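First comes the structure, then the notes that go with it.
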Amino acid sequence: MNILLMGHPNVGKSVVFNRITGANVSESNYSGTTVDYAKGYVRVGHKEMELIDVPGTFSLEPKDKAEEVAVKMLNENKDSVVICVIDSTKIERGLYLALEIIEMGNPVVIALNMQDVAEDKNIQINVEKLQKILGVPVVSTIAVSGKGMKELMFSVKKATSSNIKDIVENVGGNQ
Ligand SMILES: Nc1nc2c(ncn2[C@@H]2O[C@H](COP(=O)(O)OP(=O)(O)OP(=O)(O)O)[C@@H](O)[C@H]2O)c(=O)[nH]1
Ligand SMILES: [Mg+2]
């Protein structure tokens, strides 16, 4: 089980990635393509989980090679938690992708990033309400200052332990 960082290009995915990974970051090339992505490790509870900085994509209907890789990564990681990063100043566009990802069935946590820019522009988002409507955790973040990263990882931890295999591993009950 991995963690995938997904979202539109330029929403702050790589800054979030650098904030939450340790030193073990490596660049990889998605086999058969020229698309590069970063991979790192992050401690979630008692486990080390792989975090993948997925290339930016506008939708799950790929329009170029990078988007194709993003969709393939999601399809290859069916039970992975997806951190969907949204630019708070362009929430409508971001939510379109978030809904597509939620429909894929992966556990999703939404990072409403660029909260500082949104505040400057007087854009206010009712996080509680959004959370209720979408049925997934929503965390306001400012990746460049680190704000919200702890809360984000707390939500990821909760999302990983809603995986049945994981619960059984934790509480026992298998022969
Ligand atoms: N003000 C502000 N700037 C941010 C924030 N998060 C990221 N940025 C800036 O936004 C720009 C894009 O950030 P990246 O992390 O490179 O975005 P990305 O989603 O990885 O972009 P791609 O890899 O091209 O898809 C950079 O200049 C960041 O410094 C934030 O919360 N607030
Ligand atoms: Mg990036």
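Residues are referred to by chain and number: the chain letter is A, B, ... according to the order shown in the structure tokens, the number counts from 1 in that chain, and ligands are numbered separately from 1 in the order shown.
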
Those in stretch 35-129 of chain A with helix (DSSP H, G or I) from DSSP, as a VMD selection string
chain A and resid 65 to 76 88 to 103 115 to 120 127 to 129

How about saving the chosen residues, N, CA and C atoms kept, as a short mmCIF file (atom, residue, chain, number, x, y, z; two decimals), in the first residue's frame?
```
data_model
loop_
_atom_site.label_atom_id
_atom_site.label_comp_id
_atom_site.auth_asym_id
_atom_site.auth_seq_id
_atom_site.Cartn_x
_atom_site.Cartn_y
_atom_site.Cartn_z
N LYS A 65 1.38 12.36 -22.23
CA LYS A 65 2.13 11.25 -21.63
C LYS A 65 2.15 11.31 -20.11
N ALA A 66 2.36 12.51 -19.56
CA ALA A 66 2.44 12.66 -18.10
C ALA A 66 1.10 12.28 -17.47
N GLU A 67 0.01 12.71 -18.10
CA GLU A 67 -1.31 12.38 -17.56
C GLU A 67 -1.58 10.88 -17.68
N GLU A 68 -1.09 10.29 -18.77
CA GLU A 68 -1.23 8.84 -18.94
C GLU A 68 -0.56 8.10 -17.79
N VAL A 69 0.65 8.55 -17.44
CA VAL A 69 1.39 7.92 -16.35
C VAL A 69 0.62 8.09 -15.03
N ALA A 70 0.07 9.28 -14.82
CA ALA A 70 -0.68 9.55 -13.59
C ALA A 70 -1.84 8.57 -13.46
N VAL A 71 -2.58 8.37 -14.53
CA VAL A 71 -3.75 7.48 -14.50
C VAL A 71 -3.30 6.03 -14.30
N LYS A 72 -2.18 5.65 -14.98
CA LYS A 72 -1.65 4.29 -14.81
C LYS A 72 -1.26 4.04 -13.36
N MET A 73 -0.61 5.05 -12.75
CA MET A 73 -0.18 4.90 -11.35
C MET A 73 -1.38 4.66 -10.44
N LEU A 74 -2.46 5.39 -10.71
CA LEU A 74 -3.67 5.22 -9.89
C LEU A 74 -4.25 3.82 -10.11
N ASN A 75 -4.28 3.37 -11.35
CA ASN A 75 -4.81 2.04 -11.65
C ASN A 75 -3.96 0.91 -11.07
N GLU A 76 -2.64 1.16 -10.99
CA GLU A 76 -1.73 0.13 -10.46
C GLU A 76 -1.73 0.11 -8.94
N SER A 88 -6.61 26.12 -3.55
CA SER A 88 -7.81 26.71 -2.93
C SER A 88 -8.38 27.87 -3.72
N THR A 89 -7.55 28.48 -4.58
CA THR A 89 -8.05 29.61 -5.37
C THR A 89 -8.73 29.13 -6.66
N LYS A 90 -8.62 27.80 -6.93
CA LYS A 90 -9.26 27.24 -8.13
C LYS A 90 -9.99 25.96 -7.74
N ILE A 91 -10.80 26.09 -6.70
CA ILE A 91 -11.40 24.90 -6.08
C ILE A 91 -12.32 24.12 -7.04
N GLU A 92 -13.03 24.85 -7.90
CA GLU A 92 -13.98 24.19 -8.79
C GLU A 92 -13.29 23.18 -9.70
N ARG A 93 -12.20 23.63 -10.31
CA ARG A 93 -11.46 22.74 -11.22
C ARG A 93 -10.85 21.58 -10.45
N GLY A 94 -10.34 21.90 -9.27
CA GLY A 94 -9.69 20.86 -8.47
C GLY A 94 -10.67 19.80 -8.00
N LEU A 95 -11.87 20.23 -7.67
CA LEU A 95 -12.86 19.28 -7.17
C LEU A 95 -13.32 18.30 -8.24
N TYR A 96 -13.27 18.74 -9.48
CA TYR A 96 -13.66 17.86 -10.59
C TYR A 96 -12.75 16.63 -10.59
N LEU A 97 -11.45 16.87 -10.49
CA LEU A 97 -10.50 15.75 -10.45
C LEU A 97 -10.67 14.95 -9.16
N ALA A 98 -10.87 15.65 -8.05
CA ALA A 98 -11.03 14.96 -6.75
C ALA A 98 -12.20 13.98 -6.82
N LEU A 99 -13.29 14.42 -7.40
CA LEU A 99 -14.47 13.53 -7.50
C LEU A 99 -14.17 12.32 -8.38
N GLU A 100 -13.44 12.55 -9.46
CA GLU A 100 -13.06 11.43 -10.33
C GLU A 100 -12.24 10.41 -9.55
N ILE A 101 -11.32 10.90 -8.73
CA ILE A 101 -10.45 10.01 -7.96
C ILE A 101 -11.27 9.27 -6.89
N ILE A 102 -12.15 10.01 -6.22
CA ILE A 102 -12.99 9.38 -5.19
C ILE A 102 -13.81 8.24 -5.81
N GLU A 103 -14.31 8.47 -7.02
CA GLU A 103 -15.11 7.45 -7.70
C GLU A 103 -14.32 6.19 -8.00
N GLN A 115 -3.66 28.07 0.92
CA GLN A 115 -4.64 28.76 1.75
C GLN A 115 -4.25 30.23 1.95
N ASP A 116 -2.94 30.48 1.97
CA ASP A 116 -2.47 31.87 2.14
C ASP A 116 -2.89 32.75 0.96
N VAL A 117 -2.76 32.20 -0.25
CA VAL A 117 -3.14 32.96 -1.44
C VAL A 117 -4.65 33.18 -1.46
N ALA A 118 -5.38 32.14 -1.07
CA ALA A 118 -6.85 32.25 -1.02
C ALA A 118 -7.27 33.34 -0.03
N GLU A 119 -6.59 33.36 1.14
CA GLU A 119 -6.92 34.37 2.14
C GLU A 119 -6.66 35.78 1.61
N ASP A 120 -5.54 35.94 0.92
CA ASP A 120 -5.21 37.25 0.32
C ASP A 120 -6.29 37.69 -0.65
N VAL A 127 -14.68 24.29 5.14
CA VAL A 127 -14.02 22.99 5.09
C VAL A 127 -14.91 21.88 5.67
N GLU A 128 -15.56 22.21 6.79
CA GLU A 128 -16.46 21.23 7.45
C GLU A 128 -17.53 20.74 6.49
N LYS A 129 -18.15 21.72 5.81
CA LYS A 129 -19.24 21.42 4.89
C LYS A 129 -18.74 20.58 3.70
#
```

Give me, as a PyMOL selection string, all polymer residues having an atom no more than 9 Å from stretch 80-87 of chain A, counting only C-alpha atoms and skipping those fewer than 4 positions away in the same chain.
chain A and resi 1-8+10-13+16+74+91+93-95+97-98+101-102+106-115+118+152+156+159-160

Print the selection's residues with N, CA and C atoms to a file, as a short mmCIF file (atom, residue, chain, number, x, y, z; two decimals), in the first residue's frame.
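Listed below is the output, selection05.cif:
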```cif
data_model
loop_
_atom_site.label_atom_id
_atom_site.label_comp_id
_atom_site.auth_asym_id
_atom_site.auth_seq_id
_atom_site.Cartn_x
_atom_site.Cartn_y
_atom_site.Cartn_z
N MET A 1 0.83 -1.20 0.00
CA MET A 1 0.00 0.00 0.00
C MET A 1 0.87 1.25 0.00
N ASN A 2 0.66 2.08 -1.02
CA ASN A 2 1.43 3.31 -1.14
C ASN A 2 0.57 4.52 -0.82
N ILE A 3 1.19 5.68 -0.86
CA ILE A 3 0.44 6.93 -0.81
C ILE A 3 0.74 7.66 -2.11
N LEU A 4 -0.30 8.07 -2.81
CA LEU A 4 -0.11 8.80 -4.06
C LEU A 4 -0.47 10.26 -3.85
N LEU A 5 0.43 11.14 -4.29
CA LEU A 5 0.13 12.58 -4.25
C LEU A 5 -0.36 12.96 -5.63
N MET A 6 -1.61 13.37 -5.73
CA MET A 6 -2.15 13.69 -7.05
C MET A 6 -2.78 15.08 -7.07
N GLY A 7 -2.98 15.60 -8.25
CA GLY A 7 -3.61 16.91 -8.39
C GLY A 7 -3.23 17.55 -9.71
N HIS A 8 -3.79 18.71 -9.97
CA HIS A 8 -3.46 19.45 -11.18
C HIS A 8 -1.98 19.85 -11.14
N ASN A 10 1.11 22.28 -10.79
CA ASN A 10 1.36 23.57 -10.15
C ASN A 10 0.48 23.89 -8.93
N VAL A 11 -0.03 22.86 -8.27
CA VAL A 11 -0.87 23.12 -7.09
C VAL A 11 -0.09 22.98 -5.79
N GLY A 12 1.18 22.53 -5.90
CA GLY A 12 2.01 22.39 -4.70
C GLY A 12 2.30 20.96 -4.29
N LYS A 13 2.06 19.99 -5.18
CA LYS A 13 2.29 18.58 -4.83
C LYS A 13 3.74 18.31 -4.40
N VAL A 16 4.52 19.68 -0.97
CA VAL A 16 3.95 18.78 0.05
C VAL A 16 4.84 17.54 0.16
N LEU A 74 -2.46 5.39 -10.71
CA LEU A 74 -3.67 5.22 -9.89
C LEU A 74 -4.25 3.82 -10.11
N ILE A 91 -10.80 26.09 -6.70
CA ILE A 91 -11.40 24.90 -6.08
C ILE A 91 -12.32 24.12 -7.04
N ARG A 93 -12.20 23.63 -10.31
CA ARG A 93 -11.46 22.74 -11.22
C ARG A 93 -10.85 21.58 -10.45
N GLY A 94 -10.34 21.90 -9.27
CA GLY A 94 -9.69 20.86 -8.47
C GLY A 94 -10.67 19.80 -8.00
N LEU A 95 -11.87 20.23 -7.67
CA LEU A 95 -12.86 19.28 -7.17
C LEU A 95 -13.32 18.30 -8.24
N LEU A 97 -11.45 16.87 -10.49
CA LEU A 97 -10.50 15.75 -10.45
C LEU A 97 -10.67 14.95 -9.16
N ALA A 98 -10.87 15.65 -8.05
CA ALA A 98 -11.03 14.96 -6.75
C ALA A 98 -12.20 13.98 -6.82
N ILE A 101 -11.32 10.90 -8.73
CA ILE A 101 -10.45 10.01 -7.96
C ILE A 101 -11.27 9.27 -6.89
N ILE A 102 -12.15 10.01 -6.22
CA ILE A 102 -12.99 9.38 -5.19
C ILE A 102 -13.81 8.24 -5.81
N ASN A 106 -10.46 4.55 -4.18
CA ASN A 106 -9.32 4.64 -3.24
C ASN A 106 -9.72 5.51 -2.05
N PRO A 107 -9.11 5.24 -0.89
CA PRO A 107 -9.29 6.20 0.21
C PRO A 107 -8.64 7.52 -0.20
N VAL A 108 -9.34 8.63 -0.02
CA VAL A 108 -8.83 9.93 -0.46
C VAL A 108 -8.79 10.92 0.70
N VAL A 109 -7.73 11.71 0.75
CA VAL A 109 -7.65 12.83 1.69
C VAL A 109 -7.38 14.06 0.83
N ILE A 110 -8.13 15.12 1.06
CA ILE A 110 -7.94 16.32 0.24
C ILE A 110 -7.14 17.38 0.99
N ALA A 111 -6.09 17.88 0.32
CA ALA A 111 -5.32 19.00 0.86
C ALA A 111 -5.74 20.25 0.10
N LEU A 112 -6.43 21.15 0.80
CA LEU A 112 -6.81 22.43 0.18
C LEU A 112 -5.62 23.36 0.35
N ASN A 113 -4.73 23.32 -0.64
CA ASN A 113 -3.45 24.03 -0.51
C ASN A 113 -3.57 25.50 -0.95
N MET A 114 -2.50 26.24 -0.74
CA MET A 114 -2.44 27.66 -1.10
C MET A 114 -3.46 28.47 -0.31
N GLN A 115 -3.66 28.07 0.92
CA GLN A 115 -4.64 28.76 1.75
C GLN A 115 -4.25 30.23 1.95
N ALA A 118 -5.38 32.14 -1.07
CA ALA A 118 -6.85 32.25 -1.02
C ALA A 118 -7.27 33.34 -0.03
N LEU A 152 -2.70 16.70 7.90
CA LEU A 152 -2.82 15.93 6.66
C LEU A 152 -2.38 14.48 6.91
N VAL A 156 -4.27 10.86 6.78
CA VAL A 156 -3.77 9.75 5.96
C VAL A 156 -3.69 8.49 6.83
N ALA A 159 -7.00 7.08 7.25
CA ALA A 159 -7.46 6.48 6.00
C ALA A 159 -6.81 5.12 5.77
N THR A 160 -5.54 4.98 6.17
CA THR A 160 -4.88 3.69 5.96
C THR A 160 -5.46 2.64 6.90
#
```

As a quick test: using only C-alpha atoms and all ligand atoms, which residues lie no more than 8 Å away from ligand 2? Give them as a PyMOL selection string.
chain A and resi 9-10+12-15+53-56

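The spacing separating atom CA of A:Val136 from atom CA of A:Ile164 amounts to 17.2 Å.
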
How many Å separate atom 17 (O, counted along the ligand's line) of ligand 1 from atom CA of A:Ser161?
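These atoms are spaced 28.1 Å apart.
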
To test your reading of the structure, identify every residue in stretch 37-95 of chain A that backbone DSSP assigns to strand (DSSP E or B), and report it as a PDB file with C-alpha atoms, in the first residue's frame.
```pdb
ATOM      1  CA  TYR A  37       8.556  11.233 -10.843  1.00  0.00           C
ATOM      2  CA  ALA A  38       9.887  11.267  -7.288  1.00  0.00           C
ATOM      3  CA  LYS A  39       9.435   8.510  -4.759  1.00  0.00           C
ATOM      4  CA  GLY A  40      10.112   8.705  -1.050  1.00  0.00           C
ATOM      5  CA  TYR A  41       9.232   7.202   2.286  1.00  0.00           C
ATOM      6  CA  VAL A  42       7.090   8.477   5.073  1.00  0.00           C
ATOM      7  CA  ARG A  43       6.368   7.080   8.507  1.00  0.00           C
ATOM      8  CA  VAL A  44       2.657   6.481   9.087  1.00  0.00           C
ATOM      9  CA  LYS A  47       4.747   1.657   9.188  1.00  0.00           C
ATOM     10  CA  GLU A  48       7.028   3.098   6.524  1.00  0.00           C
ATOM     11  CA  MET A  49       4.956   3.861   3.477  1.00  0.00           C
ATOM     12  CA  GLU A  50       6.056   4.712  -0.024  1.00  0.00           C
ATOM     13  CA  LEU A  51       4.983   8.159  -1.188  1.00  0.00           C
ATOM     14  CA  ILE A  52       4.784   8.838  -4.920  1.00  0.00           C
ATOM     15  CA  ASP A  53       4.783  12.348  -6.368  1.00  0.00           C
ATOM     16  CA  VAL A  81      -4.397   6.319  -0.158  1.00  0.00           C
ATOM     17  CA  VAL A  82      -4.520   9.318  -2.492  1.00  0.00           C
ATOM     18  CA  ILE A  83      -3.672  12.769  -1.189  1.00  0.00           C
ATOM     19  CA  CYS A  84      -5.466  14.975  -3.677  1.00  0.00           C
ATOM     20  CA  VAL A  85      -3.917  18.452  -3.648  1.00  0.00           C
ATOM     21  CA  ILE A  86      -6.212  21.280  -4.709  1.00  0.00           C
ATOM     22  CA  ASP A  87      -5.344  24.943  -5.264  1.00  0.00           C
TER      23      ASP A  87
END
```

Please, what distance in Å, to one decimal, runs between atom 6 (N, counted along the ligand's line) of ligand 1 and atom CA of A:Ile142?
5.9 Å

Residue nearest ligand 1 among A:Thr57, A:Pro62, A:Asn77, A:Thr34 (counting only C-alpha atoms and all ligand atoms):
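Result for the nearest residue to ligand 1: A:Thr57.
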